[in-house]
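Chemist: Would you mind keeping the following structure in view while I ask a few things?
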2 protein chains.
Amino acid sequence: MANAADRAYQTIRAAILDRTFPPDARLKEAELVAFCGVSRTPVREALRRLAAEDFVRIQRNQGAEVKSWSSDDLDDLFSLRALLEGHAAGRAAQRIRQSDLARIASAIADMDAVLAGRAPQADKIAEFLRLNRVVHEAVWRASGSERLVSMLGRLVEQALMAHTAQQFSLARVAQSHHHHQELLRALEARDDAWAEAIMRSHIRAARQALEPPAGPHGGPHGGRAE
Amino acid sequence: MANAADRAYQTIRAAILDRTFPPDARLKEAELVAFCGVSRTPVREALRRLAAEDFVRIQRNQGAEVKSWSSDDLDDLFSLRALLEGHAAGRAAQRIRQSDLARIASAIADMDAVLAGRAPQADKIAEFLRLNRVVHEAVWRASGSERLVSMLGRLVEQALMAHTAQQFSLARVAQSHHHHQELLRALEARDDAWAEAIMRSHIRAARQALEPPAGPHGGPHGGRAE
DNA sequence: ACGGCGCCGATTGTATACACTAGCGCGCTA
DNA sequence: TAGCGCGCTAGTGTATACAATCGGCGCCGT
C-alpha cells in the first residue's frame with residue numbers, strides 16, 4: 001500500500017465501511033482530497049476503482065455517491081454467492097490436496113478454541129470472521145479456478161460493504177461453525193455433491209439470519225439491526 | 001461516448017480486439033496518448049478500466065500489457081459461463097414475461113432469415129453473432145438478477161477479447177441456432193431444468209468448438225486458428 | 001575478469017492549473 | 001405573478017508540469 005492512489009482507496013473504503021460516509025452520501029473530490037491527504041488525481045483513481053467494485057456510483061459530471069443496498073440486492077447477492085460458493089466447494093471436493101485440508105482443519109480447530117475461550121464476545125466474533133474468511137478462501141483456491149476466486153472475493157467484499165457482517169450473533173456463529181465442520185467432512189470424503197449442498201446451505205442460512213428477505217415487495221432499503 | 005476517457009477506452013479496446021495491440025504487447029502511456037489523441041490522464045483512466053475488466057495487466061511502475069489467454073483460462077471462463085448462464089436460463093424460465101419471449105422468438109426468426117439469405121458468409125456470421133447476443137441478454141434480463149446480467153456481460157466480453165468469436169463456422173452457427181430454438185421451447189414451457197440444461201450444453205458446445213480444451217496439461221497459450 | 005555500486009534515461013505516479021458542464025437563482029418581461 | 005432566459009458558481013473533466021521509481025549500463029575496485 002505504498003502509493004497515494006492505494007492509500008486513498010483504502011482510506012475511502014474504510015470510511016464507507018465504518019459509516020463515516022454513510023450510504024447515499026455524496027463524495028466530492030475536494031473533500032476526499034482533504035480527507036485522504038493526497039491530490040485529486042489519486043482520489044479520482046480510487047473512486048473509479050471503488051465504482052468498478054460497485055461500492056460507489058459515479059455519474060458523469062455529478063460525482064460519486066456511496067452505494068446503498070436494498071433488500072432485493074442482498075437476496076441477489078447471496079443467491080449468487082450460494083451458487084458460486086457451492087460450485088467452488090463441489091470442485092474443491094474433487095481436487096483439494098491434503099495440505100489444504102489440513103489448513104482448513106486447523107482453522108476450524110482455531111475457531112473451536114476461540115469459541116471455547118473467554119474473550120469478550122465482540123473479539124470472539126471478529127476473530128471468528130477472520131478464520132471464516134480463511135476457510136472460505138481455502139475452499140475457493142482448492143476449486144482450481146482463479147476466476148472463481150476473484151468473483152467470490154468481489155461478492156464477499158460487497159456483502160461486507162452492505163454491512164452484513166456486523167449482525168453476527170454468537171448463536172449464528174455456532175451454526176456457522178457446525179456448517180464448517182460438516183463441510184470439512186464432505187471435503188475429506190471427496191463427496192462433491194455433499195460439499196456443494198452444505199456450502200449452499202451455509203450461505204443461504206447467512207442470508208436468512210440477516211434480515212427479512214424481500215417479501216412480495218421487499219422494502220427499498222434493507223434496515224440494519226446494529 | 002462523449003468524453004476523452006471513454007474515447008480512449010473504446011479506442012484501445014478496439015485496437016486490442018483487432019490485434020493492433022497483440023496479446024502481451026506493452027502499452028506505454030505515451031504511445032497511447034498519440035494513438036488516442038488525448039492526454040495521459042484519460043489514457044490512464046482507460047487503462048485502469050481495462051485492467052478492472054481483465055483485458056490488460058498493470059504492474060506498478062511497469063505499465064500495462066495486453067493480457068493473453070491460456071487454454072486453461074478459456075476452460076475456466078466457459079465453465080463459469082455455463083454455470084451462470086444455465087442458472088440465468090433456469091430462473092428466466094420461471095419468470096420470463098410474454099413480451100420478452102416474443103422478443104427472443106423474433107430474434108430467432110431473424111436468425112432464420114439471415115441463415116436462409118444469401119449474404120456473404122462473413123456477414124451472415126456477424127449478423128448472427130449480433131442476434132445471438134440479443135437472445136442471450138434477453139435471457140439474462142429475464143433472470144431478474146441485475147448482478148447476473150453484469151457478471152455475464154463481463155464474462156462474454158472476456159470471451160470476445162480472447163478472440164473466440166472469430167472462429168465461428170457456419171456449421172457451428174447452425175448448431176448454435178438449434179440450441180436457441182430448443183431454449184425458446186424450454187422457456188415457453190416454463191421448464192426451468194430444461195432451460196438450464198440446454199443453456200449449459202449451448203455454452204459447453206461453444207467451448208468445445210473452439211480449440212483443444214486443455215488436456216492433462218494444456219499448453220500455456222491456447223493457439224488460435226485464424 | 002568479475003562483482004558491485006552508482007549514475008542515467010525512460011516511464012509511471014502525483015500535483016496542479018485550466019476548461020468545460022450542469023444546476024440554480026436572480027431578474028427581466030409579458 | 002408566472003414563466004423564461006441569462007449568468008454565476010460549484011464541481012468534474014483534461015492537460016501538463018514535476019517528482020519518484022525502475023532497469024540497464026558502465027565504471028571502478030578488487
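Residue numbering restarts at 1 in every chain; chains get A, B, ... in the order shown in the C-alpha cells, and ligands count up from 1 in that same order.
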Mind the document's chain letters and residue numbers, and return as a VMD selection string the residues of stretch 23-184 of chain B that DSSP labels alpha helix (DSSP H).

Modeler: chain B and resid 29 to 36 40 to 52 71 to 95 98 to 116 121 to 142 146 to 161 170 to 184

Chemist: Pull out every residue of chain C sitting within 10 Å of chain B, counting only C-alpha atoms (C1' of nucleotides), and send them as a PyMOL selection string.

Modeler: chain C and resi 11-13

Chemist: Could you give me, as a ChimeraX atom specification, the residues within 7 Å of stretch 126-141 of chain A, counting only C-alpha atoms (C1' of nucleotides) and dropping anything in the same chain fewer than 2 positions from it?

Modeler: /A:88-89,92,100,104,107,111,122-124,143-145,148-149

Chemist: Pull the closest atom pair for each residue of chain B that gets at most 9 Å from chain D, along with the distance in Å to one decimal, counting only C-alpha atoms (C1' of nucleotides), ordering rows by chain and then ascending residue number, as JSON lines.

Modeler:
```
{"residue": "B:Asn3", "atom": "CA", "partner": "D:DG13", "partner_atom": "C1'", "distance": 7.9}
{"residue": "B:Ala4", "atom": "CA", "partner": "D:DT14", "partner_atom": "C1'", "distance": 8.0}
{"residue": "B:Ala5", "atom": "CA", "partner": "D:DG13", "partner_atom": "C1'", "distance": 8.9}
{"residue": "B:Val38", "atom": "CA", "partner": "D:DT14", "partner_atom": "C1'", "distance": 8.4}
{"residue": "B:Ser39", "atom": "CA", "partner": "D:DA15", "partner_atom": "C1'", "distance": 6.1}
{"residue": "B:Arg40", "atom": "CA", "partner": "D:DA15", "partner_atom": "C1'", "distance": 8.0}
{"residue": "B:Thr41", "atom": "CA", "partner": "D:DT14", "partner_atom": "C1'", "distance": 6.9}
{"residue": "B:Pro42", "atom": "CA", "partner": "D:DT14", "partner_atom": "C1'", "distance": 7.4}
{"residue": "B:Asn61", "atom": "CA", "partner": "D:DT21", "partner_atom": "C1'", "distance": 6.9}
{"residue": "B:Gln62", "atom": "CA", "partner": "D:DC22", "partner_atom": "C1'", "distance": 7.9}
```

Chemist: Please produce a file of those selected residues containing N, CA and C atoms, as a tab-separated table (two decimals), in the first residue's frame.

Modeler:
```
chain	number	residue	atom	x	y	z
B	3	ASN	N	-16.84	11.83	-23.69
B	3	ASN	CA	-15.61	12.36	-23.10
B	3	ASN	C	-14.36	11.60	-23.50
B	4	ALA	N	-13.24	12.24	-23.20
B	4	ALA	CA	-11.95	11.72	-23.67
B	4	ALA	C	-11.64	10.35	-23.09
B	5	ALA	N	-11.95	10.16	-21.83
B	5	ALA	CA	-11.63	8.89	-21.18
B	5	ALA	C	-12.37	7.74	-21.87
B	38	VAL	N	-5.59	11.96	-26.99
B	38	VAL	CA	-5.98	12.65	-25.75
B	38	VAL	C	-4.77	12.64	-24.84
B	39	SER	N	-4.87	13.31	-23.72
B	39	SER	CA	-3.70	13.41	-22.85
B	39	SER	C	-3.58	12.19	-21.95
B	40	ARG	N	-2.56	12.17	-21.15
B	40	ARG	CA	-2.29	10.97	-20.36
B	40	ARG	C	-3.38	10.69	-19.34
B	41	THR	N	-3.99	11.73	-18.80
B	41	THR	CA	-4.97	11.49	-17.74
B	41	THR	C	-6.09	10.54	-18.18
B	42	PRO	N	-6.80	10.86	-19.26
B	42	PRO	CA	-7.84	9.91	-19.68
B	42	PRO	C	-7.29	8.57	-20.16
B	61	ASN	N	4.51	0.81	-11.69
B	61	ASN	CA	5.70	1.42	-12.28
B	61	ASN	C	6.23	0.67	-13.50
B	62	GLN	N	5.45	-0.25	-14.00
B	62	GLN	CA	5.91	-1.00	-15.15
B	62	GLN	C	4.90	-1.02	-16.29
```

Chemist: Per residue of chain A within 10 Å of chain B, what are the shortest atom pair and its distance in Å to one decimal, counting only C-alpha atoms, with rows by chain and residue number, as JSON lines?

Modeler:
```
{"residue": "A:Asn3", "atom": "CA", "partner": "B:Arg60", "partner_atom": "CA", "distance": 9.3}
{"residue": "A:Thr41", "atom": "CA", "partner": "B:Thr41", "partner_atom": "CA", "distance": 8.5}
{"residue": "A:Arg44", "atom": "CA", "partner": "B:Glu45", "partner_atom": "CA", "distance": 9.1}
{"residue": "A:Glu45", "atom": "CA", "partner": "B:Glu45", "partner_atom": "CA", "distance": 7.3}
{"residue": "A:Arg48", "atom": "CA", "partner": "B:Arg49", "partner_atom": "CA", "distance": 8.0}
{"residue": "A:Arg49", "atom": "CA", "partner": "B:Ala52", "partner_atom": "CA", "distance": 7.8}
{"residue": "A:Ala52", "atom": "CA", "partner": "B:Ala52", "partner_atom": "CA", "distance": 6.9}
{"residue": "A:Glu53", "atom": "CA", "partner": "B:Ala52", "partner_atom": "CA", "distance": 8.6}
{"residue": "A:Arg60", "atom": "CA", "partner": "B:Asn3", "partner_atom": "CA", "distance": 9.3}
{"residue": "A:Asp72", "atom": "CA", "partner": "B:Ser145", "partner_atom": "CA", "distance": 9.3}
{"residue": "A:Asp73", "atom": "CA", "partner": "B:Arg147", "partner_atom": "CA", "distance": 8.5}
{"residue": "A:Asp75", "atom": "CA", "partner": "B:Ser145", "partner_atom": "CA", "distance": 9.4}
{"residue": "A:Asp76", "atom": "CA", "partner": "B:Ser145", "partner_atom": "CA", "distance": 6.3}
{"residue": "A:Leu77", "atom": "CA", "partner": "B:Arg147", "partner_atom": "CA", "distance": 7.5}
{"residue": "A:Ser79", "atom": "CA", "partner": "B:Ser145", "partner_atom": "CA", "distance": 9.6}
{"residue": "A:Leu80", "atom": "CA", "partner": "B:Leu148", "partner_atom": "CA", "distance": 7.7}
{"residue": "A:Leu83", "atom": "CA", "partner": "B:His87", "partner_atom": "CA", "distance": 8.5}
{"residue": "A:Leu84", "atom": "CA", "partner": "B:Leu83", "partner_atom": "CA", "distance": 8.5}
{"residue": "A:His87", "atom": "CA", "partner": "B:Leu83", "partner_atom": "CA", "distance": 8.5}
{"residue": "A:Gly144", "atom": "CA", "partner": "B:Asp76", "partner_atom": "CA", "distance": 9.0}
{"residue": "A:Ser145", "atom": "CA", "partner": "B:Asp76", "partner_atom": "CA", "distance": 6.3}
{"residue": "A:Glu146", "atom": "CA", "partner": "B:Asp76", "partner_atom": "CA", "distance": 8.0}
{"residue": "A:Arg147", "atom": "CA", "partner": "B:Asp76", "partner_atom": "CA", "distance": 7.1}
{"residue": "A:Leu148", "atom": "CA", "partner": "B:Leu80", "partner_atom": "CA", "distance": 7.7}
{"residue": "A:Met151", "atom": "CA", "partner": "B:Met151", "partner_atom": "CA", "distance": 8.8}
{"residue": "A:Leu155", "atom": "CA", "partner": "B:Arg147", "partner_atom": "CA", "distance": 9.9}
```
